[in-house]
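K.L.:
Handing you a structure now.
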Amino acid sequence: MTARMLTRCRRRGLTLIEMVISLSMLTVILAGSISLVLIAARAMSNESSNVGADAVAARSAADQIIDDLKTATAITEQTRTAIKMTVPDRDGDGLADTIRYAWSGTTGAPLTRQFNARTAATLATNVNAFSFTYLSKTAGKPPPVEGPSQTLLLHLASSNTMDTDLSSAKGVAGYFKPTLAAKAVKWKISKIDLQTERDLLSTGTVTVALKYADANKKPTGATLQSATVAIVDLLGSSNWTSVTFNTPADLDISQSVCFTVTASVLLGNGGRIRYDNANTDASTVMMITSDSGATWTTPVATQALQARVTGTVTTQELETLEFQALPAAP
């Protein structure tokens, strides 16, 4: 039997010098790895911090725009990257102010806010995207509102007054153009008071009619409305006579009018009507007819009927636009 010899292989260990060198290299590698981790962590922290700061700035800018829009009374400019609005007085000068937000559309450009004509202030920096979205609809005009009864003309002379006859042939007309509210859309005359006097024993009627005036301030066209009073109802001495219109017509705000006063006398001489012979009011003048209103004399600037005209004015607000402006955060 042959004996088998077994040989044991032995692995050589690291010497002390090799161990020292190996540990030194591992230390360098670990130090480098730790540095990379720290740098990456710091970068992530800075990026997160910048994102958070940008979010806060964006939210702050959007909030300020929305706050201004809440008090805006008008929008005078509206594009995707700019909006200009009118707001109630903010600087104490008693006048409305303007605020304009704008972004140039260039990546990295600032979002600015300009108050009136002052230099625009930066609201947010490094803006990469920003736009306004407008949701709007025409609300239409609100319904017209007829105002309360008011005096549209009052002409009284304390001296230098005269009378002219009212008969079947002779009559008078008064021209006037009232000053109406800026938002007036129509007006009406409901009553005219005149200073009249009847002759004793006279009978018949006095008719007051309303017509538009032509360029010469004379009555023209169809009768718009009329009312009649009996001559016997006129006082014997000069006093106020009220003539009321039951169905006042809607009058064009661009037109001036004439009210004619004519008589149909059955008995007697009719009556008289008083006028101012030293008129200085350019908004009203008087003219006379001697052929029952077929023709009229040229108005005399210094003559105007003693009259009080009462009526109403109807106004209407302008068409409005309802809108929402939605700013996208920078």
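Residues are referred to by chain and number: the chain letter is A, B, ... according to the order shown in the structure tokens, the number counts from 1 in that chain, and ligands are numbered separately from 1 in the order shown.
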Given only C-alpha atoms, how would the per-residue table for segment 197-225 of chain A near segment 276-286 of chain A read, listing every residue at most 12 Å away with its closest atom pair and distance in Å to one decimal, sorted by chain and number, as CSV?

P.N.:
residue,atom,partner,partner_atom,distance
A:Ala213,CA,A:Thr284,CA,11.5
A:Asn216,CA,A:Val285,CA,11.0
A:Lys217,CA,A:Val285,CA,8.2
A:Lys218,CA,A:Met286,CA,9.1
A:Pro219,CA,A:Met286,CA,10.8

K.L.:
Please, which residues of segment 86-289 of chain A, numbered as in this document, come out strand (DSSP E) from DSSP, as an MDAnalysis selection string?

P.N.:
chainID A and resid 86:87 97:103 109:115 121:127 132:140 145:146 150:155 161:166 171:176 184:198 203:213 219:230 239:244 257:267 271:276 284:289

K.L.:
My list of candidates is A:Leu224, A:Val208, A:Leu153, A:Ala61. Which is closest to Thr122 of chain A when distances are computed with only C-alpha atoms?

P.N.:
A:Ala61

K.L.:
What is the atom CA of Ser149 of chain A-atom CA of Ile192 of chain A distance in Å, reported with one decimal?

P.N.:
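Computed distance, atom CA of Ser149 of chain A to atom CA of Ile192 of chain A, equals 12.5 Å.
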
K.L.:
Write out as a VMD selection string which residues come within 12 Å of Thr241 of chain A when counting only C-alpha atoms, dropping same-chain ones fewer than 2 positions away.

P.N.:
chain A and resid 191 to 198 206 208 228 to 239 243 to 244 272 to 274 306 to 309

K.L.:
Give the answer as one residue: which of A:Ile99, A:Ile253, A:Val172, A:Leu111 has the shortest atom-to-atom distance to Thr76 of chain A, using only C-alpha atoms?

P.N.:
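Looking only at the distances to Thr76 of chain A, the closest residue turns out to be A:Ile99.
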
K.L.:
Which residue gives the smallest distance to Gly293 of chain A among A:Leu305, A:Ala96, A:Leu266, A:Ala173, with only C-alpha atoms counted?

P.N.:
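Of the candidates, the smallest distance to Gly293 of chain A is held by A:Ala173.
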
K.L.:
Need to verify the contact set: Trp103 of chain A, 12 Å, only C-alpha atoms, exclusion of same-chain residues closer than 6 positions in sequence. Can you return it as a PyMOL selection string?

P.N.:
chain A and resi 79-83+109-114+120-132+327-330

K.L.:
Point out the residue among A:Leu180, A:Val56, A:Ala72, A:Ile65 with the least atom-to-atom distance to Thr315 of chain A, counting only C-alpha atoms.

P.N.:
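The shortest atom-to-atom distance to Thr315 of chain A comes from A:Leu180.
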